[in-house]
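Trainee: Got a structure for you, questions after.
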Amino acid sequence: MDAARDPVRAGLLHGRLGGYLRATGGEGVVAQYEAAVRLVPTSPPLAERAQVLAAYGEALIGQGHYRASRDLCEEAIAIAHQLGALAEEGDARRALGVDLAFLGDLEAGVDQLREARRIAEAVGKVDEVARAYATLSGLLETFGKLEAATEIALEGAELAAGRGLGRWHSPFLTTTAARALFARGCWDDAEVLLGRAADRVAPELAATRVYIHTARSQLDLARGLADSAAEHLAVAREAYAQTVTQPWFATPLFVATAELALLEGRLGDADAAVAEGLEVAGADLSFAAPLYALGLRAAADRAELARARRDDEEVLGARQVGEALAGELHARLSPEPAGGAAPTPRTEAQAALCEAEFTRVAGHSDPHLWAAAAKAWERLGALYPTAYARWRQAEALLLGGLAREQVEPPLRAAHATASKLGAAPLQTEVEALARRGRLDLEGNAATASAPAPKPPSPLDRLGLTAREQEVLALIAIGRTNRQIAETLFISPKTATVHVSNILGKLGVRGRVEAATIAHRLGIVEPGS
């Protein structure tokens with residue numbers, strides 16, 4: 001068409017094309033919105049200009065450019081308010097609410113979203129009412145307001161279903177509620193909601209299917225159900241291939257993919273998932289932060305395994321990867337990040353986790369940093385990452401040679417949470433650490449009496465004799481020299497000599513470090 005003769009219509013068409021390209025992952029999104037804003041004149045005031053400004057602002061949110069989006073949305077609101085164009089004003093306020101929250105004023109952002117919802121109800125735009133619910137509940141979940149997010153998401157899902165949008169908006173809102181419940185530790189309730197969402201989602205909603213099945217895979221992973229998690233990830237990846245590009249939907253898929261790889265010990269695959277996820281997350285640190293944490297966790301696991309194998313080259317490689325990730329994250333947490341976004345409380349908790357993981361990469365896990373990470377997650381009411389951090393804190397305290405009275409409280413807290421949640425992999429790790437350190441998880445002596453070990457695997461590369469491998473296996477489950485002597489029918493003096501030889505051959509300072517090496521190399525299974 002002739003843009004010179006009808007610039008308003010041309011601008012609206014460019015805006016519409018930008019929306020389609022954004023939804024389908026096409027290129028040139030920004031160029032289309034810029035054309036739309038350039039074509040629709042500033043004078044006289046037009047509702048169409050408010051419309052394209054709001055749409056462009058919403059697109060910029062997906063790229064993490066909150067400050068630029070805020071300016072566009074405020075201009076759109078001023079025009080719409082002057083003209084009494086309520087629908088356009090509501091669209092702009094919905095986007096502005098997200099901007100304000102990520103720029104550091106969550107309360108003002110929530111107020112804008114509630115006003116957007118009121119306007120949508122006033123003009124009778126049911127679809128926009130549901131979108132306002134979805135945006136508000138998702139924002140609250142992102143900022144760690146888990147109880148409020150659950151309530152608003154469920155309220156929105158019920159409203160959408162009651163107004164004929166049950167297959168469109170209800171599944172997304174139901175999944176948001178499930179994600180909040182998962183973080184709160186209500187795993188059975190989350191599972192019910194995710195099953196409901198999966199049953200009701202319209203097949204053409206690829207992004208929502210990614211959202212649903214990724215959330216279910218993360219629940220399964222926390223429970224240790226790797227096969228089921230992999231099945232849900234396969235469904236999510238198939239839907240993702242249908243040009244799903246929005247970080248809100250896509251980034252959690254790579255988080256879950258990395259988590260599955262870590263659970264199965266595929267550290268290279270975890271690295272690949274983190275790298276691809278960081279590309280998808282782009283400039284938005286709120287989506288990138290959990291990927292940095294997982295990348296550093298993978299680097300730390302690789303470094304610890306390499307140290308146990310005495311592979312200095314692999315240790316150096318792991319450290320280089322960890323330093324690169326930590327350096328990039330530190331730069332992105334600078335006072336003036338891209339888009340002007342302030343770190344959310346969840347991003348700050350992820351950053352604390354990253355700082356603690358990096359000390360594992362460097363070979364001196366810091367219990368104080370792990371305690372700080374645990375407190376950051378605890379303030380958000382997120383039980384599972386709190387328990388993970390408490391486990392690592394106890395491990396660091398034990399490796400640092402601290403007394404049992406200092407090690408046991410965080411380990412007991414981690415064990416209680418893991419047991420309550422049904423977080424089988426974490427519970428197994430906690431119990432294995434308790435055996436290695438002869439720690440009491442229950443407030444009695446039960447933990448100290450570990451069952452007899454399974455026969456150790458021969459690991460000649462450690463330079464240990466067959467008898468020393470037997471002794472190391474017993475050290476790994478927390479046996480004293482006297483108990484080792486009784487088990488192997490040798491004298492306590494001989495057992496002491498064996499233990500001393502093992503420590504020397506492994507190049508470690510004490511029994512706990514030797515037990516940790518045995519655990520990492522798989523000489524003794526975690527549940528032994």
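Labels for the structure tokens follow display order: chains A, B, ..., residues from 1 in each chain, ligands from 1.
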Name the residues in contact with Ile61 of chain A at a cut-off of 10 Å, using only C-alpha atoms, excluding same-chain residues fewer than 6 positions from it; report them as a list in words.

Mentor: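 Counting only the stated atoms, we get Arg67, Ala68, Ser69, Arg70, Ala95, Leu96, Val98, Asp99, Phe102, Asp284 and Gly339 of chain A.
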
Trainee: Got time to write the residues from that selection, all heavy atoms, as a PDB file, in the first residue's frame?

Mentor:
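See part.pdb below for the written result:
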ATOM      1  N   ARG A  67      13.684  -0.059  30.303  1.00  0.00           N
ATOM      2  CA  ARG A  67      13.672   1.397  30.378  1.00  0.00           C
ATOM      3  C   ARG A  67      13.099   2.009  29.103  1.00  0.00           C
ATOM      4  O   ARG A  67      12.260   2.912  29.148  1.00  0.00           O
ATOM      5  CB  ARG A  67      15.095   1.901  30.642  1.00  0.00           C
ATOM      6  CG  ARG A  67      15.175   3.349  31.033  1.00  0.00           C
ATOM      7  CD  ARG A  67      16.576   3.683  31.532  1.00  0.00           C
ATOM      8  NE  ARG A  67      16.824   3.095  32.842  1.00  0.00           N
ATOM      9  CZ  ARG A  67      18.030   2.974  33.387  1.00  0.00           C
ATOM     10  NH1 ARG A  67      19.096   3.369  32.724  1.00  0.00           N
ATOM     11  NH2 ARG A  67      18.173   2.448  34.586  1.00  0.00           N
ATOM     12  N   ALA A  68      13.547   1.507  27.954  1.00  0.00           N
ATOM     13  CA  ALA A  68      13.020   2.003  26.680  1.00  0.00           C
ATOM     14  C   ALA A  68      11.530   1.673  26.558  1.00  0.00           C
ATOM     15  O   ALA A  68      10.735   2.494  26.080  1.00  0.00           O
ATOM     16  CB  ALA A  68      13.792   1.390  25.519  1.00  0.00           C
ATOM     17  N   SER A  69      11.152   0.500  27.002  1.00  0.00           N
ATOM     18  CA  SER A  69       9.741   0.110  26.963  1.00  0.00           C
ATOM     19  C   SER A  69       8.899   1.029  27.841  1.00  0.00           C
ATOM     20  O   SER A  69       7.797   1.451  27.450  1.00  0.00           O
ATOM     21  CB  SER A  69       9.586  -1.342  27.431  1.00  0.00           C
ATOM     22  OG  SER A  69       8.232  -1.694  27.536  1.00  0.00           O
ATOM     23  N   ARG A  70       9.404   1.345  29.011  1.00  0.00           N
ATOM     24  CA  ARG A  70       8.666   2.238  29.920  1.00  0.00           C
ATOM     25  C   ARG A  70       8.374   3.581  29.259  1.00  0.00           C
ATOM     26  O   ARG A  70       7.249   4.091  29.339  1.00  0.00           O
ATOM     27  CB  ARG A  70       9.483   2.462  31.191  1.00  0.00           C
ATOM     28  CG  ARG A  70       8.834   3.414  32.194  1.00  0.00           C
ATOM     29  CD  ARG A  70       9.839   3.908  33.203  1.00  0.00           C
ATOM     30  NE  ARG A  70      10.931   4.644  32.560  1.00  0.00           N
ATOM     31  CZ  ARG A  70      12.054   4.997  33.193  1.00  0.00           C
ATOM     32  NH1 ARG A  70      12.246   4.687  34.460  1.00  0.00           N
ATOM     33  NH2 ARG A  70      12.986   5.677  32.536  1.00  0.00           N
ATOM     34  N   ALA A  95       1.895  -3.560  29.883  1.00  0.00           N
ATOM     35  CA  ALA A  95       3.329  -3.621  29.619  1.00  0.00           C
ATOM     36  C   ALA A  95       4.111  -2.770  30.618  1.00  0.00           C
ATOM     37  O   ALA A  95       5.177  -3.175  31.110  1.00  0.00           O
ATOM     38  CB  ALA A  95       3.619  -3.176  28.191  1.00  0.00           C
ATOM     39  N   LEU A  96       3.582  -1.590  30.946  1.00  0.00           N
ATOM     40  CA  LEU A  96       4.271  -0.701  31.881  1.00  0.00           C
ATOM     41  C   LEU A  96       4.430  -1.358  33.248  1.00  0.00           C
ATOM     42  O   LEU A  96       5.450  -1.153  33.930  1.00  0.00           O
ATOM     43  CB  LEU A  96       3.504   0.616  32.012  1.00  0.00           C
ATOM     44  CG  LEU A  96       4.100   1.643  32.979  1.00  0.00           C
ATOM     45  CD1 LEU A  96       5.496   2.070  32.534  1.00  0.00           C
ATOM     46  CD2 LEU A  96       3.181   2.866  33.097  1.00  0.00           C
ATOM     47  N   VAL A  98       5.047  -4.431  33.948  1.00  0.00           N
ATOM     48  CA  VAL A  98       6.233  -5.290  33.907  1.00  0.00           C
ATOM     49  C   VAL A  98       7.496  -4.443  33.961  1.00  0.00           C
ATOM     50  O   VAL A  98       8.450  -4.755  34.684  1.00  0.00           O
ATOM     51  CB  VAL A  98       6.208  -6.179  32.648  1.00  0.00           C
ATOM     52  CG1 VAL A  98       7.465  -7.041  32.572  1.00  0.00           C
ATOM     53  CG2 VAL A  98       4.961  -7.061  32.627  1.00  0.00           C
ATOM     54  N   ASP A  99       7.510  -3.363  33.188  1.00  0.00           N
ATOM     55  CA  ASP A  99       8.680  -2.479  33.172  1.00  0.00           C
ATOM     56  C   ASP A  99       9.002  -1.960  34.571  1.00  0.00           C
ATOM     57  O   ASP A  99      10.154  -2.032  35.025  1.00  0.00           O
ATOM     58  CB  ASP A  99       8.427  -1.282  32.251  1.00  0.00           C
ATOM     59  CG  ASP A  99       8.285  -1.672  30.797  1.00  0.00           C
ATOM     60  OD1 ASP A  99       8.942  -2.638  30.381  1.00  0.00           O
ATOM     61  OD2 ASP A  99       7.505  -1.006  30.085  1.00  0.00           O
ATOM     62  N   PHE A 102      10.512  -4.614  36.954  1.00  0.00           N
ATOM     63  CA  PHE A 102      11.900  -4.980  36.685  1.00  0.00           C
ATOM     64  C   PHE A 102      12.851  -3.799  36.834  1.00  0.00           C
ATOM     65  O   PHE A 102      14.064  -3.990  36.943  1.00  0.00           O
ATOM     66  CB  PHE A 102      12.032  -5.593  35.297  1.00  0.00           C
ATOM     67  CG  PHE A 102      11.662  -7.055  35.258  1.00  0.00           C
ATOM     68  CD1 PHE A 102      10.403  -7.444  34.852  1.00  0.00           C
ATOM     69  CD2 PHE A 102      12.559  -8.018  35.650  1.00  0.00           C
ATOM     70  CE1 PHE A 102      10.043  -8.783  34.827  1.00  0.00           C
ATOM     71  CE2 PHE A 102      12.223  -9.370  35.636  1.00  0.00           C
ATOM     72  CZ  PHE A 102      10.956  -9.749  35.224  1.00  0.00           C
ATOM     73  N   ASP A 284      18.151 -10.454  29.286  1.00  0.00           N
ATOM     74  CA  ASP A 284      17.342 -10.491  30.502  1.00  0.00           C
ATOM     75  C   ASP A 284      17.982 -11.402  31.539  1.00  0.00           C
ATOM     76  O   ASP A 284      17.935 -12.630  31.432  1.00  0.00           O
ATOM     77  CB  ASP A 284      15.929 -10.971  30.174  1.00  0.00           C
ATOM     78  CG  ASP A 284      14.946 -10.592  31.262  1.00  0.00           C
ATOM     79  OD1 ASP A 284      15.336 -10.636  32.438  1.00  0.00           O
ATOM     80  OD2 ASP A 284      13.800 -10.244  30.939  1.00  0.00           O
ATOM     81  N   GLY A 339      19.232  -2.334  29.685  1.00  0.00           N
ATOM     82  CA  GLY A 339      17.805  -2.131  29.869  1.00  0.00           C
ATOM     83  C   GLY A 339      17.450  -1.435  31.157  1.00  0.00           C
ATOM     84  O   GLY A 339      16.305  -1.073  31.372  1.00  0.00           O
TER      85      GLY A 339
END

Trainee: As number ranges by chain, list the residues of segment 247-442 of chain A assigned to helix (DSSP H, G or I) by DSSP on the backbone atoms of this structure.

Mentor: A: 247-263, 267-281, 285-309, 312-332, 338-340, 345-362, 367-379, 383-399, 404-421, 424-437

Trainee: With C-alpha atoms retained, write the just-selected residues as a short mmCIF file (atom, residue, chain, number, x, y, z; two decimals), in the first residue's frame.

Mentor:
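File produced: part08.cif:
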data_model
loop_
_atom_site.label_atom_id
_atom_site.label_comp_id
_atom_site.auth_asym_id
_atom_site.auth_seq_id
_atom_site.Cartn_x
_atom_site.Cartn_y
_atom_site.Cartn_z
CA PRO A 247 12.57 -16.31 26.95
CA TRP A 248 9.69 -16.63 29.42
CA PHE A 249 8.77 -19.97 27.83
CA ALA A 250 12.04 -21.11 26.29
CA THR A 251 14.66 -20.49 28.98
CA PRO A 252 13.19 -22.90 31.58
CA LEU A 253 13.45 -25.66 28.95
CA PHE A 254 17.23 -25.28 28.90
CA VAL A 255 17.35 -25.05 32.69
CA ALA A 256 15.53 -28.39 32.96
CA THR A 257 17.70 -29.93 30.23
CA ALA A 258 20.84 -28.96 32.16
CA GLU A 259 19.34 -30.26 35.41
CA LEU A 260 18.63 -33.66 33.84
CA ALA A 261 22.18 -33.84 32.45
CA LEU A 262 23.59 -33.04 35.91
CA LEU A 263 21.42 -35.68 37.55
CA LEU A 267 28.45 -32.69 32.43
CA GLY A 268 29.24 -31.90 28.78
CA ASP A 269 25.54 -31.99 27.91
CA ALA A 270 24.81 -29.72 30.86
CA ASP A 271 27.38 -27.23 29.53
CA ALA A 272 25.76 -27.31 26.08
CA ALA A 273 22.26 -26.71 27.50
CA VAL A 274 23.53 -23.77 29.57
CA ALA A 275 25.25 -22.19 26.56
CA GLU A 276 22.19 -22.49 24.33
CA GLY A 277 19.91 -21.26 27.10
CA LEU A 278 22.04 -18.17 27.67
CA GLU A 279 21.67 -17.27 24.00
CA VAL A 280 17.88 -17.57 24.25
CA ALA A 281 17.77 -15.57 27.51
CA LEU A 285 19.30 -11.56 33.57
CA SER A 286 16.19 -12.81 35.36
CA PHE A 287 16.06 -15.66 32.83
CA ALA A 288 19.83 -16.10 32.51
CA ALA A 289 20.69 -16.27 36.23
CA PRO A 290 19.59 -19.89 36.87
CA LEU A 291 21.61 -20.97 33.83
CA TYR A 292 24.75 -19.36 35.25
CA ALA A 293 24.14 -21.24 38.52
CA LEU A 294 23.79 -24.57 36.72
CA GLY A 295 26.83 -23.87 34.55
CA LEU A 296 28.93 -23.18 37.64
CA ARG A 297 27.54 -26.27 39.34
CA ALA A 298 28.60 -28.39 36.36
CA ALA A 299 32.06 -26.79 36.38
CA ALA A 300 32.36 -27.46 40.12
CA ASP A 301 31.32 -31.11 39.72
CA ARG A 302 33.87 -31.52 36.93
CA ALA A 303 36.63 -29.89 39.00
CA GLU A 304 35.91 -32.05 42.06
CA LEU A 305 35.89 -35.23 40.00
CA ALA A 306 39.11 -34.22 38.27
CA ARG A 307 40.79 -33.52 41.62
CA ALA A 308 39.72 -36.94 42.85
CA ARG A 309 41.29 -38.46 39.73
CA ASP A 312 45.33 -31.42 36.71
CA GLU A 313 44.52 -30.58 33.09
CA GLU A 314 40.82 -31.26 33.61
CA VAL A 315 40.87 -29.22 36.83
CA LEU A 316 42.33 -26.29 34.91
CA GLY A 317 39.72 -26.61 32.17
CA ALA A 318 36.86 -26.67 34.68
CA ARG A 319 38.27 -23.65 36.45
CA GLN A 320 38.55 -21.70 33.19
CA VAL A 321 34.89 -22.42 32.39
CA GLY A 322 33.86 -21.41 35.91
CA GLU A 323 35.85 -18.19 35.80
CA ALA A 324 34.32 -17.25 32.46
CA LEU A 325 30.77 -17.80 33.71
CA ALA A 326 31.39 -16.02 37.02
CA GLY A 327 33.03 -13.08 35.26
CA GLU A 328 30.19 -12.70 32.80
CA LEU A 329 27.59 -12.82 35.56
CA HIS A 330 29.51 -10.26 37.63
CA ALA A 331 29.59 -7.90 34.66
CA ARG A 332 25.86 -8.30 34.13
CA ALA A 338 21.31 -3.51 29.98
CA GLY A 339 17.81 -2.13 29.87
CA GLY A 340 18.17 -0.61 33.32
CA PRO A 345 15.09 -11.12 44.66
CA ARG A 346 15.22 -14.44 42.82
CA THR A 347 18.08 -13.21 40.63
CA GLU A 348 19.94 -12.12 43.75
CA ALA A 349 19.42 -15.59 45.26
CA GLN A 350 20.73 -17.19 42.06
CA ALA A 351 23.73 -14.86 42.17
CA ALA A 352 24.44 -15.93 45.78
CA LEU A 353 24.24 -19.54 44.64
CA CYS A 354 26.68 -18.80 41.81
CA GLU A 355 29.16 -17.22 44.19
CA ALA A 356 29.05 -20.28 46.43
CA GLU A 357 29.33 -22.74 43.51
CA PHE A 358 32.41 -20.90 42.26
CA THR A 359 34.20 -21.66 45.53
CA ARG A 360 33.67 -25.35 44.75
CA VAL A 361 35.21 -24.77 41.33
CA ALA A 362 38.21 -23.15 43.00
CA PRO A 367 30.39 -22.51 54.11
CA HIS A 368 29.65 -18.82 54.75
CA LEU A 369 28.67 -18.25 51.12
CA TRP A 370 26.53 -21.38 51.14
CA ALA A 371 24.81 -20.14 54.29
CA ALA A 372 24.16 -16.79 52.58
CA ALA A 373 22.67 -18.56 49.55
CA ALA A 374 20.44 -20.66 51.79
CA LYS A 375 19.15 -17.56 53.57
CA ALA A 376 18.45 -15.81 50.25
CA TRP A 377 16.30 -18.71 49.07
CA GLU A 378 14.70 -19.09 52.49
CA ARG A 379 13.51 -15.47 52.35
CA LEU A 383 12.29 -24.85 50.02
CA TYR A 384 14.20 -27.02 47.55
CA PRO A 385 17.09 -24.65 46.68
CA THR A 386 17.32 -23.74 50.37
CA ALA A 387 17.85 -27.40 51.23
CA TYR A 388 20.42 -27.80 48.45
CA ALA A 389 22.42 -24.86 49.79
CA ARG A 390 22.22 -26.21 53.36
CA TRP A 391 23.61 -29.56 52.17
CA ARG A 392 26.53 -27.82 50.46
CA GLN A 393 27.08 -25.67 53.56
CA ALA A 394 27.34 -28.78 55.73
CA GLU A 395 29.69 -30.41 53.23
CA ALA A 396 31.95 -27.35 53.25
CA LEU A 397 31.96 -27.23 57.05
CA LEU A 398 32.84 -30.93 57.24
CA LEU A 399 35.66 -30.63 54.69
CA ARG A 404 30.10 -32.11 64.51
CA GLU A 405 27.97 -29.62 66.47
CA GLN A 406 28.52 -27.02 63.72
CA VAL A 407 28.03 -29.38 60.80
CA GLU A 408 24.91 -31.22 61.90
CA PRO A 409 22.35 -28.34 62.12
CA PRO A 410 22.43 -27.35 58.41
CA LEU A 411 22.64 -30.99 57.36
CA ARG A 412 19.64 -31.90 59.51
CA ALA A 413 17.70 -28.97 58.04
CA ALA A 414 18.51 -30.13 54.50
CA HIS A 415 17.56 -33.70 55.35
CA ALA A 416 14.25 -32.72 56.93
CA THR A 417 13.25 -30.68 53.88
CA ALA A 418 14.40 -33.28 51.35
CA SER A 419 12.53 -36.02 53.21
CA LYS A 420 9.36 -33.94 53.48
CA LEU A 421 9.40 -32.98 49.79
CA ALA A 424 15.13 -38.41 46.58
CA PRO A 425 18.45 -37.42 44.94
CA LEU A 426 19.09 -34.66 47.46
CA GLN A 427 18.09 -36.88 50.37
CA THR A 428 20.50 -39.56 49.16
CA GLU A 429 23.37 -37.08 48.97
CA VAL A 430 22.63 -35.72 52.44
CA GLU A 431 22.53 -39.19 53.97
CA ALA A 432 25.76 -40.17 52.21
CA LEU A 433 27.48 -37.08 53.62
CA ALA A 434 26.19 -37.97 57.09
CA ARG A 435 27.73 -41.43 56.80
CA ARG A 436 31.06 -40.09 55.57
CA GLY A 437 31.27 -37.67 58.49
#

Trainee: Considering only C-alpha atoms, can you say which of A:Thr176, A:Thr344, A:Ser491, A:Gln82 comes closest to Leu100 of chain A?

Mentor: A:Thr344

Trainee: Which residues are close to Ala35 of chain A, i.e. within 9 Å by only C-alpha atoms, leaving aside same-chain residues fewer than 2 positions away? Reply as a list in words.

Mentor: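 Skipping anything fewer than 2 positions along the chain leaves Ala10, Gly11, His14, Gly15, Val30, Ala31, Gln32, Tyr33, Val37, Arg38, Leu39 and Val40 of chain A.
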
Trainee: Since we have the selection now, will you write its residues out, keeping N, CA and C atoms, as a short mmCIF file (atom, residue, chain, number, x, y, z; two decimals), in the first residue's frame?

Mentor:
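Generated output (again-v3.cif):
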data_model
loop_
_atom_site.label_atom_id
_atom_site.label_comp_id
_atom_site.auth_asym_id
_atom_site.auth_seq_id
_atom_site.Cartn_x
_atom_site.Cartn_y
_atom_site.Cartn_z
N ALA A 10 -0.82 2.10 7.20
CA ALA A 10 0.47 1.46 6.96
C ALA A 10 1.18 1.16 8.29
N GLY A 11 1.12 2.12 9.21
CA GLY A 11 1.75 1.91 10.51
C GLY A 11 1.13 0.75 11.27
N HIS A 14 2.36 -2.48 9.76
CA HIS A 14 3.72 -2.80 10.19
C HIS A 14 3.72 -3.32 11.64
N GLY A 15 2.91 -2.71 12.50
CA GLY A 15 2.80 -3.18 13.87
C GLY A 15 2.26 -4.59 13.95
N VAL A 30 12.00 -5.63 15.42
CA VAL A 30 12.20 -4.24 15.84
C VAL A 30 12.00 -3.29 14.67
N ALA A 31 12.48 -3.67 13.50
CA ALA A 31 12.34 -2.80 12.32
C ALA A 31 10.87 -2.55 12.00
N GLN A 32 10.03 -3.57 12.16
CA GLN A 32 8.61 -3.41 11.88
C GLN A 32 7.95 -2.46 12.88
N TYR A 33 8.27 -2.60 14.14
CA TYR A 33 7.69 -1.72 15.16
C TYR A 33 8.21 -0.29 15.00
N VAL A 37 5.82 3.02 14.50
CA VAL A 37 5.86 4.23 15.32
C VAL A 37 6.22 5.46 14.46
N ARG A 38 7.09 5.26 13.48
CA ARG A 38 7.48 6.37 12.61
C ARG A 38 6.32 6.81 11.71
N LEU A 39 5.51 5.87 11.24
CA LEU A 39 4.46 6.19 10.27
C LEU A 39 3.24 6.84 10.92
N VAL A 40 2.82 6.34 12.07
CA VAL A 40 1.62 6.90 12.71
C VAL A 40 1.99 8.26 13.31
#

Trainee: Which residue out of A:Ile475, A:Ala153, A:Ala50, A:Ala197 has the minimum interatomic distance to His519 of chain A when only C-alpha atoms are used?

Mentor: A:Ile475

Trainee: For each of A:Leu474, A:Ala4, A:Leu154, A:Leu86, take the minimum atom-to-atom distance to Gly124 of chain A, counting only C-alpha atoms, then give the residue where this is smallest.

Mentor: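 Residue with the minimum atom-to-atom distance to Gly124 of chain A: A:Leu86.
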
Trainee: Using only C-alpha atoms, pick whichever of A:Gly510, A:Gly478, A:Arg196, A:Arg94 has the shortest atom-to-atom distance to Asp440 of chain A.

Mentor: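 Ranked by minimum distance to Asp440 of chain A, first place goes to A:Gly478.
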
Trainee: Do you have the atom CA of Arg479 of chain A-atom CA of Val508 of chain A distance handy?

Mentor: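 Computing the Euclidean distance for atom CA of Arg479 of chain A and atom CA of Val508 of chain A yields 17.6 Å.
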
Trainee: Of the candidates A:Glu264, A:Glu128, A:Asp199, A:Asp188, which one gets nearest to Leu225 of chain A if we count only C-alpha atoms?

Mentor: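 Result for the nearest residue to Leu225 of chain A: A:Glu264.
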
Trainee: What gap, in Å, lies between atom CA of Asp111 of chain A and atom CA of Gln63 of chain A?

Mentor: 22.9 Å
